[in-house]
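Scroll down for the structure; my scribbles are underneath it.
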2 protein chains.
Amino acid sequence: MAATLDTVFSALADPTRRAILAMLLEDDMAVTDVAEPFEMSLAAISKHLTVLTNAGLISQERRGRVKWCKLEPDALREASVWMQGFGMMEGLDLDAFERFLDAELADPSLLEEKE
Amino acid sequence: MAATLDTVFSALADPTRRAILAMLLEDDMAVTDVAEPFEMSLAAISKHLTVLTNAGLISQERRGRVKWCKLEPDALREASVWMQGFGMMEGLDLDAFERFLDAELADPSLLEEKE
DNA sequence: CGGATTGTCAACCGGTTGGTTGAATATGCG
DNA sequence: CGCATATTCAACCAACCGGTTGACAATCCG
């Protein structure tokens with residue numbers, strides 16, 4: 001699917017879909033389990049999941065009766081890069097971010113609150 | 001204006017609006033000048049500008065007849081932080097990332113190459 | 001004043017979105 | 001086989017979106 005900035009951003013514009021993404025951050029889930037916490041029909045959730053799939057933000061793999069949903073965070077990269085063009089991440093180039101990741105992983109106390 | 005993730009992301013979901021933001025990256029502009037390169041009515045652009053204003057992504061200040069549009073890149077921060085929670089933050093807590101952002105913005109030299 | 005420029009408002013229109021319901025389609029299990 | 005489970009499909013609906021046009025308001029200028 002062509003995951004354009006349009007499809008990605010508009011997929012992210014719905015709170016239900018963002019909540020679904022957050023849930024999938026924890027673990028892969030079946031459609032029914034994704035739907036469980038929401039007060040809307042399963043069919044509605046199914047639609048949200050196809051929107052997310054078309055945006056490339058998740059992938060769905062059928063295994064037996066169950067269709068598993070998996071987060072595909074790479075789809076956020078293009079959008080993230082686009083946003084970085086706008087100043088608010090002044091100086092926060094990806095290299096710096098990688099170094100931050102390394103540092104954090106090596107020594108999580110590095111960025112502790114310093115008061 | 002309450003600039004929620006909803007309003008920000010849905011504002012960004014339209015290519016015309018993203019193009020407008022990119023133009024404003026260069027310089028502040030009057031409404032008519034913003035509209036000039038687009039093949040649509042001034043009224044349509046005016047609507048897009050109110051959407052961007054409601055999302056907090058731009059501000060508009062009237063000076064005489066002319067209304068100047070100014071980019072407000074800070075509005076992207078919340079959305080950006082939300083997005084960074086996915087994928088690149090594997091195994092990291094968001095609080096640390098936000099502290100990182102603050103520190104980075106306060107002192108960009110913090111993460112200079114250390115070789 | 002009177003005319004040109006700048007921008008918004010209001011009404012309208014077709015297409016999309018986010019939800020519903022009920023039927024349909026697989027698949028697994030006893 | 002026959003039933004329960006898992007998920008989608010199809011039709012429908014109200015609401016919203018992105019665009020149009022024409023009228024309107026405000027400001028500058030000769």
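By order in the structure tokens, chains are A, B, ...; within a chain, residues start at 1; ligands start at 1, following the order shown.
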I'd like to know which residues of range 5-70 of chain B are strand (DSSP E or B) (by DSSP, run on the backbone); could you write them as a CSV table (one decimal) with N, CA and C atoms, in the first residue's frame?
chain,number,residue,atom,x,y,z
B,29,MET,N,3.9,35.5,5.8
B,29,MET,CA,3.2,35.9,4.5
B,29,MET,C,1.8,36.4,4.8
B,30,ALA,N,1.4,37.2,3.8
B,30,ALA,CA,0.0,37.7,3.9
B,30,ALA,C,-0.9,36.6,3.2
B,58,ILE,N,-0.2,27.8,13.1
B,58,ILE,CA,0.2,29.1,12.6
B,58,ILE,C,-0.5,30.1,13.5
B,59,SER,N,-0.1,31.4,13.5
B,59,SER,CA,-0.8,32.4,14.1
B,59,SER,C,-1.0,33.5,13.0
B,60,GLN,N,-2.1,34.3,13.2
B,60,GLN,CA,-2.4,35.3,12.3
B,60,GLN,C,-2.6,36.6,13.0
B,61,GLU,N,-1.9,37.6,12.4
B,61,GLU,CA,-2.0,39.0,13.1
B,61,GLU,C,-2.4,40.0,12.0
B,62,ARG,N,-3.4,40.7,12.3
B,62,ARG,CA,-3.9,41.7,11.3
B,62,ARG,C,-3.1,43.0,11.5
B,63,ARG,N,-2.6,43.5,10.4
B,63,ARG,CA,-1.9,44.8,10.4
B,63,ARG,C,-2.4,45.5,9.2
B,66,VAL,N,-3.9,44.0,5.8
B,66,VAL,CA,-3.2,42.7,5.6
B,66,VAL,C,-3.2,41.9,6.8
B,67,LYS,N,-3.4,40.6,6.7
B,67,LYS,CA,-3.3,39.6,7.8
B,67,LYS,C,-2.1,38.8,7.6
B,68,TRP,N,-1.2,38.9,8.5
B,68,TRP,CA,0.1,38.1,8.3
B,68,TRP,C,0.0,36.8,9.0
B,69,CYS,N,0.5,35.8,8.3
B,69,CYS,CA,0.5,34.4,8.8
B,69,CYS,C,1.9,34.0,9.2
B,70,LYS,N,2.0,33.5,10.4
B,70,LYS,CA,3.3,33.1,11.0
B,70,LYS,C,3.3,31.7,11.4
- List the neighbours of DC3 in chain D out to 12 Å using only C-alpha atoms (C1' of nucleotides); skip same-chain residues closer than 2 positions along the sequence, and give me the result as number ranges by chain. C: 28-30; D: 1, 5
Tell me, counting only C-alpha atoms, for each residue of chain B within 6 Å of chain A, which pair of atoms is nearest and how far apart they are in Å to one decimal, in rows ordered by chain and increasing number, as CSV.
residue,atom,partner,partner_atom,distance
B:Asp6,CA,A:Ala13,CA,4.8
B:Phe9,CA,A:Ala13,CA,4.8
B:Ser10,CA,A:Ala13,CA,4.9
B:Ala13,CA,A:Phe9,CA,4.7
B:Pro73,CA,A:Met88,CA,5.6
B:Asp74,CA,A:Met88,CA,5.7
B:Phe86,CA,A:Pro73,CA,5.8
B:Gly87,CA,A:Pro73,CA,4.8
Go ahead and write the selection's residues with all heavy atoms as a PDB file, in the first residue's frame.
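Wrote it out as part.pdb, contents follow:
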ATOM      1  N   ASP B   6      -5.597  15.412  17.903  1.00  0.00           N
ATOM      2  CA  ASP B   6      -6.592  15.299  16.836  1.00  0.00           C
ATOM      3  C   ASP B   6      -6.479  16.443  15.839  1.00  0.00           C
ATOM      4  O   ASP B   6      -6.319  16.217  14.638  1.00  0.00           O
ATOM      5  CB  ASP B   6      -8.018  15.326  17.419  1.00  0.00           C
ATOM      6  CG  ASP B   6      -8.426  13.990  17.986  1.00  0.00           C
ATOM      7  OD1 ASP B   6      -7.545  13.281  18.516  1.00  0.00           O
ATOM      8  OD2 ASP B   6      -9.610  13.638  17.886  1.00  0.00           O
ATOM      9  N   PHE B   9      -2.904  16.546  13.951  1.00  0.00           N
ATOM     10  CA  PHE B   9      -2.709  15.516  12.932  1.00  0.00           C
ATOM     11  C   PHE B   9      -3.674  15.709  11.758  1.00  0.00           C
ATOM     12  O   PHE B   9      -3.290  15.538  10.609  1.00  0.00           O
ATOM     13  CB  PHE B   9      -2.872  14.118  13.534  1.00  0.00           C
ATOM     14  CG  PHE B   9      -1.648  13.626  14.249  1.00  0.00           C
ATOM     15  CD1 PHE B   9      -1.740  13.092  15.531  1.00  0.00           C
ATOM     16  CD2 PHE B   9      -0.398  13.694  13.638  1.00  0.00           C
ATOM     17  CE1 PHE B   9      -0.606  12.633  16.194  1.00  0.00           C
ATOM     18  CE2 PHE B   9       0.737  13.242  14.299  1.00  0.00           C
ATOM     19  CZ  PHE B   9       0.632  12.710  15.584  1.00  0.00           C
ATOM     20  N   SER B  10      -4.917  16.066  12.050  1.00  0.00           N
ATOM     21  CA  SER B  10      -5.838  16.177  10.919  1.00  0.00           C
ATOM     22  C   SER B  10      -5.514  17.431  10.098  1.00  0.00           C
ATOM     23  O   SER B  10      -5.720  17.435   8.883  1.00  0.00           O
ATOM     24  CB  SER B  10      -7.289  16.128  11.374  1.00  0.00           C
ATOM     25  OG  SER B  10      -7.703  17.366  11.845  1.00  0.00           O
ATOM     26  N   ALA B  13      -2.901  16.402   7.707  1.00  0.00           N
ATOM     27  CA  ALA B  13      -3.292  15.343   6.770  1.00  0.00           C
ATOM     28  C   ALA B  13      -3.614  15.873   5.377  1.00  0.00           C
ATOM     29  O   ALA B  13      -3.860  15.088   4.468  1.00  0.00           O
ATOM     30  CB  ALA B  13      -4.482  14.556   7.323  1.00  0.00           C
ATOM     31  N   PRO B  73       5.906  26.569  15.041  1.00  0.00           N
ATOM     32  CA  PRO B  73       6.375  25.178  15.001  1.00  0.00           C
ATOM     33  C   PRO B  73       6.259  24.464  16.344  1.00  0.00           C
ATOM     34  O   PRO B  73       6.275  23.234  16.395  1.00  0.00           O
ATOM     35  CB  PRO B  73       7.832  25.298  14.549  1.00  0.00           C
ATOM     36  CG  PRO B  73       8.214  26.706  14.790  1.00  0.00           C
ATOM     37  CD  PRO B  73       6.989  27.530  14.797  1.00  0.00           C
ATOM     38  N   ASP B  74       6.130  25.216  17.439  1.00  0.00           N
ATOM     39  CA  ASP B  74       6.001  24.572  18.742  1.00  0.00           C
ATOM     40  C   ASP B  74       4.795  23.638  18.797  1.00  0.00           C
ATOM     41  O   ASP B  74       4.803  22.653  19.532  1.00  0.00           O
ATOM     42  CB  ASP B  74       5.870  25.632  19.845  1.00  0.00           C
ATOM     43  CG  ASP B  74       7.231  26.225  20.188  1.00  0.00           C
ATOM     44  OD1 ASP B  74       8.224  25.803  19.555  1.00  0.00           O
ATOM     45  OD2 ASP B  74       7.288  27.094  21.066  1.00  0.00           O
ATOM     46  N   PHE B  86       6.937   5.655  19.320  1.00  0.00           N
ATOM     47  CA  PHE B  86       6.811   4.415  18.558  1.00  0.00           C
ATOM     48  C   PHE B  86       8.096   4.116  17.816  1.00  0.00           C
ATOM     49  O   PHE B  86       8.671   4.972  17.173  1.00  0.00           O
ATOM     50  CB  PHE B  86       5.672   4.519  17.556  1.00  0.00           C
ATOM     51  CG  PHE B  86       4.349   4.588  18.228  1.00  0.00           C
ATOM     52  CD1 PHE B  86       3.845   5.801  18.665  1.00  0.00           C
ATOM     53  CD2 PHE B  86       3.620   3.441  18.481  1.00  0.00           C
ATOM     54  CE1 PHE B  86       2.636   5.860  19.318  1.00  0.00           C
ATOM     55  CE2 PHE B  86       2.415   3.493  19.114  1.00  0.00           C
ATOM     56  CZ  PHE B  86       1.923   4.717  19.550  1.00  0.00           C
ATOM     57  N   GLY B  87       8.500   2.895  17.906  1.00  0.00           N
ATOM     58  CA  GLY B  87       9.575   2.443  17.037  1.00  0.00           C
ATOM     59  C   GLY B  87      10.951   2.816  17.469  1.00  0.00           C
ATOM     60  O   GLY B  87      11.723   1.972  17.864  1.00  0.00           O
TER      61      GLY B  87
END
- Please determine the contact residues of chain B with respect to chain D at a cut-off of 7 Å, counting only C-alpha atoms (C1' of nucleotides), and supply them as a ChimeraX atom specification. /B:44,64-65
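Interatomic distance, CA of Ala35 in chain B to CA of Ile20 in chain B: 8.7 Å.
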Near chain A, 10 Å: chain C residue rows, closest pairs, only C-alpha atoms (C1' of nucleotides), as a tab-separated table:
residue	atom	partner	partner_atom	distance
C:DG18	C1'	A:Ala44	CA	7.7
C:DG19	C1'	A:Ala44	CA	6.7
C:DT20	C1'	A:Ser41	CA	8.0
C:DT21	C1'	A:Ser41	CA	9.7
C:DA26	C1'	A:Arg65	CA	7.1
C:DT27	C1'	A:Arg65	CA	4.9
C:DG28	C1'	A:Arg65	CA	7.3
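The coordinates place CA of Thr50 in chain B at 18.3 Å from CA of Asp27 in chain B.
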- Between CA of Gly56 in chain B and CA of Glu78 in chain B, what is the distance, to one decimal in Å?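 So the answer is 11.3 Å.
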